[in-house]
$ cat model_6.cif   # mmCIF, C-alpha atoms (C1' of nucleotides)
data_run
#
loop_
_atom_site.label_atom_id
_atom_site.label_comp_id
_atom_site.auth_asym_id
_atom_site.auth_seq_id
_atom_site.Cartn_x
_atom_site.Cartn_y
_atom_site.Cartn_z
CA MET A 181 -13.56 3.03 -6.98
CA ASN A 182 -10.32 1.22 -6.41
CA LEU A 183 -8.14 3.92 -7.94
CA LEU A 184 -10.03 6.49 -5.91
CA PHE A 185 -9.43 4.86 -2.53
CA LYS A 186 -5.89 4.07 -3.55
CA ALA A 187 -5.35 7.75 -4.22
CA LEU A 188 -6.92 8.84 -0.95
CA ARG A 189 -4.84 6.42 1.08
CA ASP A 190 -1.71 8.57 1.16
CA PRO A 191 -1.44 11.59 3.51
CA THR A 192 0.62 13.61 1.05
CA ARG A 193 -2.01 13.16 -1.65
CA ARG A 194 -4.84 14.08 0.71
CA ARG A 195 -2.96 17.21 1.68
CA ILE A 196 -2.48 18.10 -1.99
CA LEU A 197 -6.22 17.80 -2.52
CA GLU A 198 -6.84 20.07 0.45
CA MET A 199 -4.49 22.63 -1.06
CA LEU A 200 -6.17 22.41 -4.45
CA LYS A 201 -9.59 22.98 -2.95
CA GLU A 202 -8.46 26.51 -2.11
CA ARG A 203 -6.95 27.37 -5.48
CA ASP A 204 -5.35 25.88 -8.57
CA LEU A 205 -1.63 25.41 -8.21
CA THR A 206 1.42 24.60 -10.28
CA VAL A 207 3.65 21.65 -9.50
CA GLY A 208 6.29 24.00 -8.15
CA GLN A 209 3.86 25.68 -5.79
CA ILE A 210 2.66 22.36 -4.47
CA SER A 211 6.20 21.07 -4.18
CA GLU A 212 7.23 23.99 -1.96
CA ALA A 213 4.75 22.92 0.69
CA PHE A 214 6.38 19.55 1.20
CA ALA A 215 9.77 18.32 2.39
CA MET A 216 9.99 16.18 -0.69
CA THR A 217 11.55 16.37 -4.14
CA THR A 218 9.59 17.52 -7.17
CA PRO A 219 9.69 14.10 -8.86
CA SER A 220 7.98 12.62 -5.82
CA ILE A 221 5.25 15.23 -6.00
CA SER A 222 4.97 14.57 -9.70
CA TYR A 223 4.44 10.91 -8.91
CA HIS A 224 1.63 11.72 -6.48
CA LEU A 225 -0.01 14.10 -8.92
CA ASP A 226 0.07 11.45 -11.61
CA LEU A 227 -1.65 9.04 -9.28
CA LEU A 228 -4.29 11.62 -8.40
CA LYS A 229 -4.80 12.31 -12.09
CA HIS A 230 -5.33 8.62 -12.82
CA ALA A 231 -7.95 8.56 -10.09
CA GLN A 232 -9.54 11.57 -11.83
CA LEU A 233 -9.27 13.58 -8.64
CA VAL A 234 -7.27 16.31 -10.36
CA SER A 235 -6.82 17.61 -13.87
CA ALA A 236 -3.78 19.28 -15.37
CA ARG A 237 -3.47 22.04 -17.88
CA LYS A 238 -0.24 23.37 -19.23
CA ASN A 239 0.55 26.97 -20.01
CA GLY A 240 4.10 27.68 -20.97
CA GLN A 241 6.53 25.69 -18.90
CA PHE A 242 4.08 25.49 -16.06
CA VAL A 243 1.54 22.80 -15.39
CA THR A 244 -1.40 23.86 -13.28
CA TYR A 245 -3.42 21.32 -11.37
CA SER A 246 -7.09 21.65 -10.40
CA LEU A 247 -9.28 19.64 -8.10
CA GLU A 248 -11.93 17.50 -9.79
CA THR A 249 -14.84 16.67 -7.55
CA THR A 250 -17.05 14.46 -9.71
CA VAL A 251 -15.39 11.21 -8.71
CA LEU A 252 -15.73 12.12 -5.07
CA ASP A 253 -19.49 11.89 -5.43
CA ASP A 254 -19.17 8.15 -6.01
CA SER A 255 -17.11 7.63 -2.87
CA LEU A 256 -19.62 9.73 -0.99
CA GLY A 257 -22.41 7.51 -2.23
CA TRP A 258 -20.55 4.38 -1.26
CA ILE A 259 -19.81 5.58 2.25
CA LEU A 260 -23.26 7.05 2.76
CA ASP A 261 -24.75 3.72 1.81
CA LEU A 262 -22.69 1.95 4.44
CA ILE A 263 -23.76 4.43 7.08
CA LYS A 264 -27.41 4.33 6.09
CA LYS A 265 -27.74 0.56 6.14
CA GLY A 266 -25.62 0.40 9.25
CA LYS A 267 -28.03 2.71 11.04
CA ARG A 268 -31.11 0.88 9.79
CA LYS A 269 -29.80 -2.48 10.96
CA GLN A 270 -29.01 -1.03 14.37
CA LYS A 271 -32.60 -0.19 15.24
CA MET B 40 -8.16 9.51 9.33
CA ASN B 41 -5.09 7.71 8.11
CA LEU B 42 -6.09 4.33 9.52
CA LEU B 43 -9.52 4.81 8.04
CA PHE B 44 -8.36 5.43 4.49
CA LYS B 45 -5.77 2.71 4.85
CA ALA B 46 -8.54 0.31 5.77
CA LEU B 47 -10.76 1.39 2.89
CA ARG B 48 -7.99 1.05 0.34
CA ASP B 49 -8.27 -2.72 -0.01
CA PRO B 50 -11.08 -4.28 -2.12
CA THR B 51 -11.41 -7.30 0.15
CA ARG B 52 -11.92 -5.07 3.18
CA ARG B 53 -14.47 -2.92 1.37
CA ARG B 54 -16.35 -6.03 0.39
CA ILE B 55 -16.32 -7.22 4.01
CA LEU B 56 -17.84 -3.91 5.08
CA GLU B 57 -20.54 -4.26 2.44
CA MET B 58 -21.35 -7.71 3.77
CA LEU B 59 -21.48 -6.48 7.36
CA LYS B 60 -23.88 -3.69 6.46
CA GLU B 61 -26.47 -6.39 5.75
CA ARG B 62 -25.96 -8.43 8.91
CA ASP B 63 -23.44 -9.32 11.57
CA LEU B 64 -21.23 -12.24 10.58
CA THR B 65 -18.73 -14.63 12.09
CA VAL B 66 -15.20 -14.97 10.71
CA GLY B 67 -16.13 -18.29 9.15
CA GLN B 68 -19.13 -16.86 7.36
CA ILE B 69 -17.06 -14.00 5.99
CA SER B 70 -14.25 -16.35 5.03
CA GLU B 71 -16.57 -18.50 2.93
CA ALA B 72 -17.30 -15.59 0.63
CA PHE B 73 -13.68 -15.24 -0.43
CA ALA B 74 -11.14 -17.40 -2.21
CA MET B 75 -8.73 -16.77 0.60
CA THR B 76 -7.58 -18.53 3.77
CA THR B 77 -9.09 -17.73 7.16
CA PRO B 78 -5.85 -16.24 8.52
CA SER B 79 -5.88 -13.75 5.67
CA ILE B 80 -9.45 -12.76 6.49
CA SER B 81 -8.48 -12.52 10.14
CA TYR B 82 -5.71 -10.13 9.13
CA HIS B 83 -8.15 -7.90 7.25
CA LEU B 84 -10.64 -7.95 10.10
CA ASP B 85 -7.93 -6.91 12.51
CA LEU B 86 -7.05 -3.99 10.27
CA LEU B 87 -10.71 -2.96 10.05
CA LYS B 88 -10.97 -3.22 13.82
CA HIS B 89 -7.97 -0.95 14.29
CA ALA B 90 -9.64 1.57 12.03
CA GLN B 91 -12.73 1.25 14.22
CA LEU B 92 -14.81 0.28 11.22
CA VAL B 93 -15.90 -2.96 12.83
CA SER B 94 -16.26 -4.37 16.32
CA ALA B 95 -15.96 -7.95 17.46
CA ARG B 96 -17.79 -9.86 20.13
CA LYS B 97 -17.14 -13.44 21.07
CA ASN B 98 -19.69 -16.02 22.00
CA GLY B 99 -18.44 -19.51 22.40
CA GLN B 100 -15.85 -20.40 19.81
CA PHE B 101 -17.32 -17.92 17.40
CA VAL B 102 -16.36 -14.31 16.93
CA THR B 103 -19.03 -12.13 15.41
CA TYR B 104 -18.13 -8.92 13.64
CA SER B 105 -20.37 -5.87 13.28
CA LEU B 106 -20.08 -2.75 11.18
CA GLU B 107 -19.31 0.45 13.09
CA THR B 108 -20.37 3.57 11.28
CA THR B 109 -19.25 6.39 13.57
CA VAL B 110 -15.80 6.71 12.04
CA LEU B 111 -17.29 6.88 8.58
CA ASP B 112 -18.91 10.19 9.50
CA ASP B 113 -15.46 11.76 9.69
CA SER B 114 -14.48 10.55 6.24
CA LEU B 115 -17.80 11.78 4.97
CA GLY B 116 -17.10 15.20 6.42
CA TRP B 117 -13.66 15.31 4.91
CA ILE B 118 -14.86 14.36 1.43
CA LEU B 119 -17.91 16.62 1.60
CA ASP B 120 -15.65 19.51 2.48
CA LEU B 121 -13.52 18.88 -0.60
CA ILE B 122 -16.58 18.77 -2.81
CA LYS B 123 -18.13 21.87 -1.29
CA LYS B 124 -15.09 24.07 -1.63
CA GLY B 125 -14.39 22.60 -5.05
CA LYS B 126 -17.83 23.64 -6.24
CA ARG B 127 -17.57 27.12 -4.70
CA LYS B 128 -14.25 27.79 -6.41
CA GLN B 129 -15.63 26.64 -9.73
CA LYS B 130 -18.24 29.39 -9.99
"C1'" DA C 113 -8.89 -36.32 29.15
"C1'" DC C 114 -8.94 -35.97 24.19
"C1'" DA C 115 -10.24 -34.85 19.62
"C1'" DT C 116 -12.65 -31.38 16.81
"C1'" DT C 117 -13.76 -26.94 15.36
"C1'" DG C 118 -13.31 -21.67 15.08
"C1'" DA C 119 -10.22 -18.20 15.26
"C1'" DT C 120 -5.75 -15.75 15.96
"C1'" DT C 121 -0.63 -15.45 15.91
"C1'" DA C 122 3.99 -16.16 13.92
"C1'" DG C 123 7.03 -16.33 10.29
"C1'" DA C 124 8.09 -16.32 5.41
"C1'" DT C 125 7.62 -14.25 0.87
"C1'" DA C 126 6.30 -11.88 -3.36
"C1'" DA C 127 4.17 -7.63 -4.91
"C1'" DT C 128 3.25 -2.85 -4.31
"C1'" DT C 129 4.44 1.62 -2.89
"C1'" DG C 130 6.86 6.03 -1.82
"C1'" DT C 131 10.97 8.02 -2.07
"C1'" DC C 132 15.47 9.37 -4.05
"C1'" DT C 133 19.03 10.71 -7.84
"C1'" DA C 134 20.03 11.16 -12.63
"C1'" DA C 135 18.46 11.84 -17.11
"C1'" DT C 136 15.19 13.76 -20.30
"C1'" DT C 137 11.69 16.89 -22.37
"C1'" DA C 138 9.79 21.27 -23.18
"C1'" DT C 139 9.35 26.08 -22.85
"C1'" DA C 140 11.38 30.81 -22.22
"C1'" DC C 141 14.73 34.22 -22.91
"C1'" DA C 142 19.21 36.51 -23.84
"C1'" DT D 104 21.91 29.13 -30.56
"C1'" DG D 105 22.70 28.21 -25.95
"C1'" DT D 106 21.33 28.27 -21.18
"C1'" DA D 107 18.17 28.42 -17.45
"C1'" DT D 108 13.82 26.84 -15.49
"C1'" DA D 109 9.55 23.68 -14.89
"C1'" DA D 110 8.16 19.33 -15.04
"C1'" DT D 111 8.15 14.36 -16.18
"C1'" DT D 112 10.38 9.82 -16.85
"C1'" DA D 113 13.59 6.09 -15.68
"C1'" DG D 114 15.85 3.26 -12.57
"C1'" DA D 115 17.13 1.90 -7.94
"C1'" DC D 116 15.90 0.80 -3.26
"C1'" DA D 117 13.86 0.38 1.36
"C1'" DA D 118 9.41 -0.05 3.62
"C1'" DT D 119 4.82 -1.69 3.64
"C1'" DT D 120 1.34 -4.87 2.45
"C1'" DA D 121 -1.40 -9.06 1.31
"C1'" DT D 122 -1.02 -13.55 1.10
"C1'" DC D 123 0.31 -18.31 2.47
"C1'" DT D 124 1.54 -22.39 5.74
"C1'" DA D 125 2.36 -23.94 10.32
"C1'" DA D 126 1.60 -23.39 15.02
"C1'" DT D 127 -1.15 -21.97 18.85
"C1'" DC D 128 -5.24 -20.72 21.70
"C1'" DA D 129 -9.93 -21.43 23.17
"C1'" DA D 130 -14.26 -23.52 23.45
"C1'" DT D 131 -17.32 -27.86 22.52
"C1'" DG D 132 -18.67 -32.37 22.77
"C1'" DT D 133 -17.57 -37.40 23.53
#
$ encode --input "model_6.cif" --output "structure tokens"
Amino acid sequence: MNLLFKALRDPTRRRILEMLKERDLTVGQISEAFAMTTPSISYHLDLLKHAQLVSARKNGQFVTYSLETTVLDDSLGWILDLIKKGKRKQK
Amino acid sequence: MNLLFKALRDPTRRRILEMLKERDLTVGQISEAFAMTTPSISYHLDLLKHAQLVSARKNGQFVTYSLETTVLDDSLGWILDLIKKGKRKQK
DNA sequence: ACATTGATTAGATAATTGTCTAATTATACA
DNA sequence: TGTATAATTAGACAATTATCTAATCAATGT
């Protein structure tokens, strides 16, 4: 839960997730979309991987990243619970 | 969106939200639940307020904080969207 | 008016974070 | 075998963040 919210805190990482929801992408392809060096992107991807928000598979020299949605379910549950109880209390 | 995720990143702040989903609480009441000084709690509450996750009303010397759930809907939408498109792509 | 209590503000500080450059690893290809 | 390309790792550094103590503000009660 902590790693997840930590990962979601950064705008660059959220944008990467949005890109990956459309299609799987290599580090280079992701890197092109940002005014930022490849090592920096690599750093963000590593953080996302630790949060289990993405997975990486390597073919040849390329590493392709995919979005992993299972962990997001937990966050969804957590937030939903806040909203639910919030609403109940309000009445 | 950025302020929201920034606010949710910290464990102390998430715990505060969980407490506020049960009932409204004063700063002192919240403070008691943590091994942390009141100024530190005040700092976190201010951050939560800026993210519009809580509201504060003052009666007498006391300031009572309440959970505000409207902003959470946005985050929910954002996350849901990731999950949805993630699932679609997967098939 | 003064002391007490609840809360915020100010200022200092150590830890964490996001970025960079340089170096390294690993694959591809001529 | 050597060189080019994709990506990660290492190390440095500035900015941000979470915490503390001390000071201040505001309301309460004597």
$ closest_residue --input "model_6.cif" --among "A:Asp253, A:Lys264, A:Val234, A:Asn239" --to "DT139 in chain C" --atoms "all atoms listed in the file"
A:Asn239
$ resolve_selection --input "model_6.cif" --expression "the PyMOL selection byres ((chain B and resi 104) around 6)" --output "MDAnalysis selection string"
chainID B and resid 63:65 94:95 103 105
$ write_last_selection --input "model_6.cif" --atoms "C-alpha atoms" --output "mmCIF file, keeping the file's coordinate frame"
data_model
loop_
_atom_site.group_PDB
_atom_site.id
_atom_site.type_symbol
_atom_site.label_atom_id
_atom_site.label_comp_id
_atom_site.auth_asym_id
_atom_site.auth_seq_id
_atom_site.Cartn_x
_atom_site.Cartn_y
_atom_site.Cartn_z
ATOM 1 C CA ASP B 63 -23.440 -9.320 11.570
ATOM 2 C CA LEU B 64 -21.230 -12.240 10.580
ATOM 3 C CA THR B 65 -18.730 -14.630 12.090
ATOM 4 C CA SER B 94 -16.260 -4.370 16.320
ATOM 5 C CA ALA B 95 -15.960 -7.950 17.460
ATOM 6 C CA THR B 103 -19.030 -12.130 15.410
ATOM 7 C CA SER B 105 -20.370 -5.870 13.280
#
$ atom_distance --input "model_6.cif" --atom1 "CA of Ala215 in chain A" --atom2 "C1' of DA109 in chain D"
18.1 Å
$ interface_residues --input "model_6.cif" --of "chain D" --to "chain B" --cutoff "7 Å" --atoms "only C-alpha atoms (C1' of nucleotides)" --output "ChimeraX atom specification"
/D:122,129-130
$ resolve_selection --input "model_6.cif" --expression "the PyMOL selection byres ((chain B) within 8 of (chain A))" --output "VMD selection string"
chain B and resid 41 44 to 45 47 to 50 56 to 57 60 to 62 106 to 108 111 to 112 115 118 to 119 121 to 122 124 to 126 128
$ residues_around --input "model_6.cif" --residues "range 122-134 of chain C" --least-positions-apart "6" --cutoff "8 Å" --atoms "all atoms listed in the file" --output "ChimeraX atom specification"
/A:220 /D:119-120,126
$ closest_atom_pairs --input "model_6.cif" --of "chain C" --to "chain B" --cutoff "12 Å" --atoms "all atoms listed in the file" --output "Markdown table"
| residue | atom | partner | partner_atom | distance |
| --- | --- | --- | --- | --- |
| C:DT116 | C1' | B:Gln100 | CA | 11.8 |
| C:DT117 | C1' | B:Gln100 | CA | 8.2 |
| C:DG118 | C1' | B:Gln100 | CA | 5.5 |
| C:DA119 | C1' | B:Phe101 | CA | 7.4 |
| C:DT120 | C1' | B:Ser81 | CA | 7.2 |
| C:DT121 | C1' | B:Pro78 | CA | 9.1 |
| C:DA122 | C1' | B:Pro78 | CA | 11.2 |
$ atom_distance --input "model_6.cif" --atom1 "CA of Leu233 in chain A" --atom2 "CA of Arg54 in chain B"
22.7 Å
$ axis_aligned_box --input "model_6.cif" --around "range 120-129 of chain D" --padding-each-side "5 Å" --output "lines of an AutoDock Vina configuration file"
center_x = -3.8
center_y = -14.4
center_z = 12.1
size_x = 22.3
size_y = 29.1
size_z = 32.1
$ atom_distance --input "model_6.cif" --atom1 "C1' of DT137 in chain C" --atom2 "C1' of DT108 in chain D"
12.3 Å
